[in-house]
Amino acid sequence: MRRFLPDTFTMLLLAAVLLASVLPVTGGAQVWMALATKLAIALLFFLHGARLARDVVIAGLLHWRLHGVILFVTFAIFPLLGLAAGLVLPSSLPAALYTGLLFLCVLPSTVQSSIAFTSMAGGNVPAAICAASASNILGMFLTPLLVGLLLSASGGGGFSMTALEQILLQLLAPFILGQILQPWIGDWIRARKKLLAPIDRGSILMVVYLAFSSAVVEGLWRTLSLQDLGIVALVDVVLLATVLAVTMFGSRFLGFSREDEITITFCGSKKSLASGVPMAGAIFAGQSVGAVVLPLMLFHQIQLMVCALIAQRYARNA
């Protein structure tokens, strides 16, 4: 029964949303909160860069065919499914939520959970590390580009060079600095996962609280209904089920080994909350970011529950 319950981090995310709903940060405090959040996110991606060992990158890059499939699913099949969802969604769904669904579809894969589930299921862990990391690095360029293309196709806005510059400055630059310093500090950081875990989660919670504070002040909960949230959750489930079927059976059709199939299934079906929330703040600056990230937050919990079950099944069948 516990496998169907939200994990601790999801409960903390919910708490951040509730706190923002009753006690949103405003005025001068919001300015300082925004600055602290940007610094926390920069530190998060610096640590991601410092954790990634060079030998893992080299070993993973040799498996180019596997990475090509994962990137194709992440940045081509997912966005096409997002556009297809727009053809069947009811017109009453608020524009911000549909924008959030499109945004969800162009995000990179997760890093931690993709690797954890691949390891649990007995998959190709080095390839998972490289694939998930490559997805996040490329996502810093591809996500804002695809957001512009998809929003243009659906009648929304276009590509913003300013948003791309902010993402590269806030996410990519710290990541590259971490990679440069990795030979000297990488072992120390990898040996202190529990000590550094609060930075990962804390930075995301700060972004969520800040985003929902602004959205609540703008009247978020007056414009959304339980029906809207239910529709978004249903679309999330359909998206995840479709991509899981594509990755699982597609990898078998293409002749990948069982270990590679597991890696493709978990890395190809995930969407990163850690990358998505700060990207949303840069891409949708001045808009209701809280509503935009709601589909992603729902998808985050759904993918954790479903992929945990799939990983356990792979492990039993090994």
# chains A, B, ... in the order shown; residues from 1 in each chain; ligands from 1

$ residues_around --residues "Leu52 in chain A" --least-positions-apart "6" --cutoff "9 Å" --atoms "only C-alpha atoms" --output "PyMOL selection string"
chain A and resi 129-130+133+178-179+182+186+190

$ write_last_selection --atoms "N, CA, C and O atoms" --output "mmCIF file, in the first residue's frame"
data_model
loop_
_atom_site.group_PDB
_atom_site.id
_atom_site.type_symbol
_atom_site.label_atom_id
_atom_site.label_comp_id
_atom_site.auth_asym_id
_atom_site.auth_seq_id
_atom_site.Cartn_x
_atom_site.Cartn_y
_atom_site.Cartn_z
ATOM 1 N N ILE A 129 23.298 7.003 -16.465
ATOM 2 C CA ILE A 129 23.922 8.217 -15.932
ATOM 3 C C ILE A 129 24.247 9.180 -17.064
ATOM 4 O O ILE A 129 23.948 10.382 -16.993
ATOM 5 N N CYS A 130 24.848 8.652 -18.119
ATOM 6 C CA CYS A 130 25.231 9.499 -19.246
ATOM 7 C C CYS A 130 24.005 10.019 -19.986
ATOM 8 O O CYS A 130 23.935 11.196 -20.336
ATOM 9 N N SER A 133 22.127 12.688 -17.916
ATOM 10 C CA SER A 133 22.921 13.916 -17.841
ATOM 11 C C SER A 133 22.938 14.640 -19.179
ATOM 12 O O SER A 133 22.793 15.869 -19.244
ATOM 13 N N GLY A 178 31.210 23.267 -12.419
ATOM 14 C CA GLY A 178 31.299 22.037 -11.627
ATOM 15 C C GLY A 178 32.096 20.962 -12.340
ATOM 16 O O GLY A 178 32.894 20.252 -11.714
ATOM 17 N N GLN A 179 31.898 20.839 -13.656
ATOM 18 C CA GLN A 179 32.650 19.858 -14.437
ATOM 19 C C GLN A 179 34.142 20.191 -14.472
ATOM 20 O O GLN A 179 34.995 19.301 -14.405
ATOM 21 N N GLN A 182 35.504 19.185 -11.188
ATOM 22 C CA GLN A 182 35.184 17.801 -10.824
ATOM 23 C C GLN A 182 36.395 16.947 -10.460
ATOM 24 O O GLN A 182 36.339 16.184 -9.473
ATOM 25 N N GLY A 186 35.073 16.222 -7.056
ATOM 26 C CA GLY A 186 34.039 15.248 -7.406
ATOM 27 C C GLY A 186 33.905 14.121 -6.388
ATOM 28 O O GLY A 186 32.796 13.779 -5.963
ATOM 29 N N ARG A 190 30.571 13.291 -4.166
ATOM 30 C CA ARG A 190 29.870 12.009 -4.324
ATOM 31 C C ARG A 190 29.832 11.228 -3.019
ATOM 32 O O ARG A 190 28.912 10.426 -2.804
#

$ residues_around --residues "range 261-268 of chain A" --least-positions-apart "5" --cutoff "7 Å" --atoms "only C-alpha atoms" --output "VMD selection string"
chain A and resid 70 73 to 74 109 114 117 to 118 123 to 124 128 132 244 247 to 248 251 to 252 256

$ atom_distance --atom1 "CA of Gly276 in chain A" --atom2 "CA of Cys307 in chain A"
19.2 Å

$ residues_around --residues "Leu273 in chain A" --least-positions-apart "4" --cutoff "8 Å" --atoms "only C-alpha atoms" --output "list in words"
Thr110, Ile204, Val277, Leu296, Met297 and His300 of chain A

$ write_last_selection --atoms "C-alpha atoms" --output "JSON list (two decimals), in the first residue's frame"
[["chain", "number", "residue", "atom", "x", "y", "z"],
["A", 110, "THR", "CA", 15.38, 13.28, -14.62],
["A", 204, "ILE", "CA", 13.25, 23.18, -5.85],
["A", 277, "VAL", "CA", 10.77, 24.48, -12.32],
["A", 296, "LEU", "CA", 4.78, 18.87, -14.11],
["A", 297, "MET", "CA", 4.26, 18.49, -10.35],
["A", 300, "HIS", "CA", 6.36, 13.95, -11.06]]

$ residues_around --residues "Cys105 in chain A" --least-positions-apart "4" --cutoff "7 Å" --atoms "only C-alpha atoms" --output "JSON, numbers by chain"
{"A": [78, 79, 82, 101]}

$ atom_distance --atom1 "CA of Ala191 in chain A" --atom2 "CA of Asn136 in chain A"
22.5 Å

$ residues_around --residues "Pro24 in chain A" --least-positions-apart "3" --cutoff "8 Å" --atoms "only C-alpha atoms" --output "PDB file with all heavy atoms, in the first residue's frame"
ATOM      1  N   LEU A  19       1.526  26.606   1.719  1.00  0.00           N
ATOM      2  CA  LEU A  19       2.079  27.780   2.400  1.00  0.00           C
ATOM      3  C   LEU A  19       1.972  29.014   1.515  1.00  0.00           C
ATOM      4  O   LEU A  19       1.611  30.110   1.986  1.00  0.00           O
ATOM      5  CB  LEU A  19       3.535  27.519   2.772  1.00  0.00           C
ATOM      6  CG  LEU A  19       4.262  28.669   3.499  1.00  0.00           C
ATOM      7  CD1 LEU A  19       3.564  28.985   4.818  1.00  0.00           C
ATOM      8  CD2 LEU A  19       5.725  28.317   3.731  1.00  0.00           C
ATOM      9  N   ALA A  20       2.284  28.833   0.217  1.00  0.00           N
ATOM     10  CA  ALA A  20       2.168  29.963  -0.711  1.00  0.00           C
ATOM     11  C   ALA A  20       0.720  30.418  -0.858  1.00  0.00           C
ATOM     12  O   ALA A  20       0.448  31.596  -1.103  1.00  0.00           O
ATOM     13  CB  ALA A  20       2.736  29.576  -2.071  1.00  0.00           C
ATOM     14  N   SER A  21      -0.230  29.477  -0.697  1.00  0.00           N
ATOM     15  CA  SER A  21      -1.644  29.808  -0.845  1.00  0.00           C
ATOM     16  C   SER A  21      -2.159  30.653   0.316  1.00  0.00           C
ATOM     17  O   SER A  21      -3.030  31.508   0.139  1.00  0.00           O
ATOM     18  CB  SER A  21      -2.476  28.527  -0.976  1.00  0.00           C
ATOM     19  OG  SER A  21      -2.078  27.785  -2.114  1.00  0.00           O
ATOM     20  N   TYR A 209       7.666  27.514  -4.081  1.00  0.00           N
ATOM     21  CA  TYR A 209       7.017  28.464  -3.178  1.00  0.00           C
ATOM     22  C   TYR A 209       6.957  29.855  -3.799  1.00  0.00           C
ATOM     23  O   TYR A 209       5.928  30.544  -3.745  1.00  0.00           O
ATOM     24  CB  TYR A 209       7.765  28.518  -1.846  1.00  0.00           C
ATOM     25  CG  TYR A 209       7.244  29.565  -0.890  1.00  0.00           C
ATOM     26  CD1 TYR A 209       5.963  29.464  -0.355  1.00  0.00           C
ATOM     27  CD2 TYR A 209       8.029  30.659  -0.546  1.00  0.00           C
ATOM     28  CE1 TYR A 209       5.477  30.435   0.503  1.00  0.00           C
ATOM     29  CE2 TYR A 209       7.553  31.633   0.314  1.00  0.00           C
ATOM     30  CZ  TYR A 209       6.273  31.516   0.839  1.00  0.00           C
ATOM     31  OH  TYR A 209       5.791  32.482   1.685  1.00  0.00           O
ATOM     32  N   LEU A 210       8.052  30.283  -4.417  1.00  0.00           N
ATOM     33  CA  LEU A 210       8.097  31.604  -5.039  1.00  0.00           C
ATOM     34  C   LEU A 210       7.121  31.687  -6.211  1.00  0.00           C
ATOM     35  O   LEU A 210       6.389  32.679  -6.361  1.00  0.00           O
ATOM     36  CB  LEU A 210       9.519  31.899  -5.512  1.00  0.00           C
ATOM     37  CG  LEU A 210       9.777  33.294  -6.078  1.00  0.00           C
ATOM     38  CD1 LEU A 210       9.592  34.354  -4.995  1.00  0.00           C
ATOM     39  CD2 LEU A 210      11.193  33.369  -6.660  1.00  0.00           C
ATOM     40  N   PHE A 212       4.398  29.844  -6.833  1.00  0.00           N
ATOM     41  CA  PHE A 212       2.996  29.795  -6.419  1.00  0.00           C
ATOM     42  C   PHE A 212       2.600  31.031  -5.628  1.00  0.00           C
ATOM     43  O   PHE A 212       1.425  31.416  -5.639  1.00  0.00           O
ATOM     44  CB  PHE A 212       2.727  28.519  -5.627  1.00  0.00           C
ATOM     45  CG  PHE A 212       2.383  27.349  -6.506  1.00  0.00           C
ATOM     46  CD1 PHE A 212       3.376  26.529  -6.998  1.00  0.00           C
ATOM     47  CD2 PHE A 212       1.076  27.100  -6.867  1.00  0.00           C
ATOM     48  CE1 PHE A 212       3.070  25.460  -7.825  1.00  0.00           C
ATOM     49  CE2 PHE A 212       0.755  26.042  -7.702  1.00  0.00           C
ATOM     50  CZ  PHE A 212       1.750  25.213  -8.183  1.00  0.00           C
ATOM     51  N   SER A 213       3.541  31.660  -4.943  1.00  0.00           N
ATOM     52  CA  SER A 213       3.229  32.918  -4.263  1.00  0.00           C
ATOM     53  C   SER A 213       2.768  33.965  -5.278  1.00  0.00           C
ATOM     54  O   SER A 213       1.742  34.638  -5.086  1.00  0.00           O
ATOM     55  CB  SER A 213       4.458  33.430  -3.495  1.00  0.00           C
ATOM     56  OG  SER A 213       4.747  32.620  -2.387  1.00  0.00           O
ATOM     57  N   SER A 214       3.523  34.092  -6.352  1.00  0.00           N
ATOM     58  CA  SER A 214       3.153  35.060  -7.395  1.00  0.00           C
ATOM     59  C   SER A 214       1.824  34.689  -8.038  1.00  0.00           C
ATOM     60  O   SER A 214       0.980  35.560  -8.299  1.00  0.00           O
ATOM     61  CB  SER A 214       4.253  35.118  -8.467  1.00  0.00           C
ATOM     62  OG  SER A 214       5.481  35.532  -7.908  1.00  0.00           O
ATOM     63  N   VAL A 216      -0.660  32.918  -6.724  1.00  0.00           N
ATOM     64  CA  VAL A 216      -1.775  33.106  -5.791  1.00  0.00           C
ATOM     65  C   VAL A 216      -2.160  34.576  -5.710  1.00  0.00           C
ATOM     66  O   VAL A 216      -3.345  34.926  -5.683  1.00  0.00           O
ATOM     67  CB  VAL A 216      -1.399  32.554  -4.396  1.00  0.00           C
ATOM     68  CG1 VAL A 216      -2.413  33.009  -3.342  1.00  0.00           C
ATOM     69  CG2 VAL A 216      -1.340  31.035  -4.434  1.00  0.00           C
ATOM     70  N   VAL A 217      -1.168  35.455  -5.666  1.00  0.00           N
ATOM     71  CA  VAL A 217      -1.444  36.889  -5.639  1.00  0.00           C
ATOM     72  C   VAL A 217      -2.212  37.310  -6.890  1.00  0.00           C
ATOM     73  O   VAL A 217      -3.086  38.190  -6.853  1.00  0.00           O
ATOM     74  CB  VAL A 217      -0.132  37.690  -5.512  1.00  0.00           C
ATOM     75  CG1 VAL A 217      -0.377  39.181  -5.703  1.00  0.00           C
ATOM     76  CG2 VAL A 217       0.520  37.426  -4.159  1.00  0.00           C
TER      77      VAL A 217
END

$ atom_distance --atom1 "CA of Leu220 in chain A" --atom2 "CA of Gln287 in chain A"
11.1 Å

$ residues_around --residues "Gly281 in chain A" --least-positions-apart "5" --cutoff "9 Å" --atoms "only C-alpha atoms" --output "list in words"
Ala163, Val207, Ala211, Gly276, Gly286, Gln287 and Val289 of chain A

$ closest_residue --among "A:Pro108, A:Arg54, A:Arg258, A:Gly139" --to "Tyr314 in chain A" --atoms "only C-alpha atoms"
A:Arg258

$ select_by_dssp --residues "range 81-165 of chain A" --states "helix (DSSP H, G or I)" --output "ChimeraX atom specification"
/A:81-88,95-105,112-121,125-153,161-165

$ closest_residue --among "A:Gly28, A:Gly49, A:Ala84, A:Glu259" --to "Ala315 in chain A" --atoms "only C-alpha atoms"
A:Glu259

$ closest_residue --among "A:Pro126, A:Pro94, A:Gly148, A:Gly86" --to "Phe284 in chain A" --atoms "only C-alpha atoms"
A:Gly148

$ closest_residue --among "A:Ala53, A:Ala282, A:Phe249, A:Met120" --to "Trp188 in chain A" --atoms "only C-alpha atoms"
A:Ala53

$ closest_residue --among "A:Leu107, A:Ala96, A:Val238, A:Leu150" --to "Gly290 in chain A" --atoms "only C-alpha atoms"
A:Ala96

$ closest_residue --among "A:Ala50, A:Ala280, A:Ala16, A:Met11" --to "Ile180 in chain A" --atoms "only C-alpha atoms"
A:Ala50

$ decode --residues "range 246-267 of chain A" --atoms "C-alpha atoms" --output "tab-separated table (two decimals), in the first residue's frame"
chain	number	residue	atom	x	y	z
A	246	VAL	CA	6.82	3.22	-26.85
A	247	THR	CA	10.12	2.91	-24.98
A	248	MET	CA	9.57	-0.61	-23.65
A	249	PHE	CA	8.28	-2.28	-26.81
A	250	GLY	CA	10.20	-0.04	-29.19
A	251	SER	CA	13.53	-0.96	-27.62
A	252	ARG	CA	12.67	-4.65	-27.98
A	253	PHE	CA	11.73	-4.11	-31.62
A	254	LEU	CA	15.06	-2.36	-32.24
A	255	GLY	CA	16.95	-5.31	-30.77
A	256	PHE	CA	18.34	-3.77	-27.58
A	257	SER	CA	19.41	-6.02	-24.71
A	258	ARG	CA	17.28	-6.32	-21.57
A	259	GLU	CA	19.65	-4.02	-19.66
A	260	ASP	CA	19.46	-1.36	-22.38
A	261	GLU	CA	15.67	-1.73	-22.61
A	262	ILE	CA	15.43	-0.90	-18.91
A	263	THR	CA	17.63	2.17	-19.37
A	264	ILE	CA	15.61	3.40	-22.36
A	265	THR	CA	12.32	2.81	-20.54
A	266	PHE	CA	13.22	4.78	-17.43
A	267	CYS	CA	15.35	7.55	-18.96
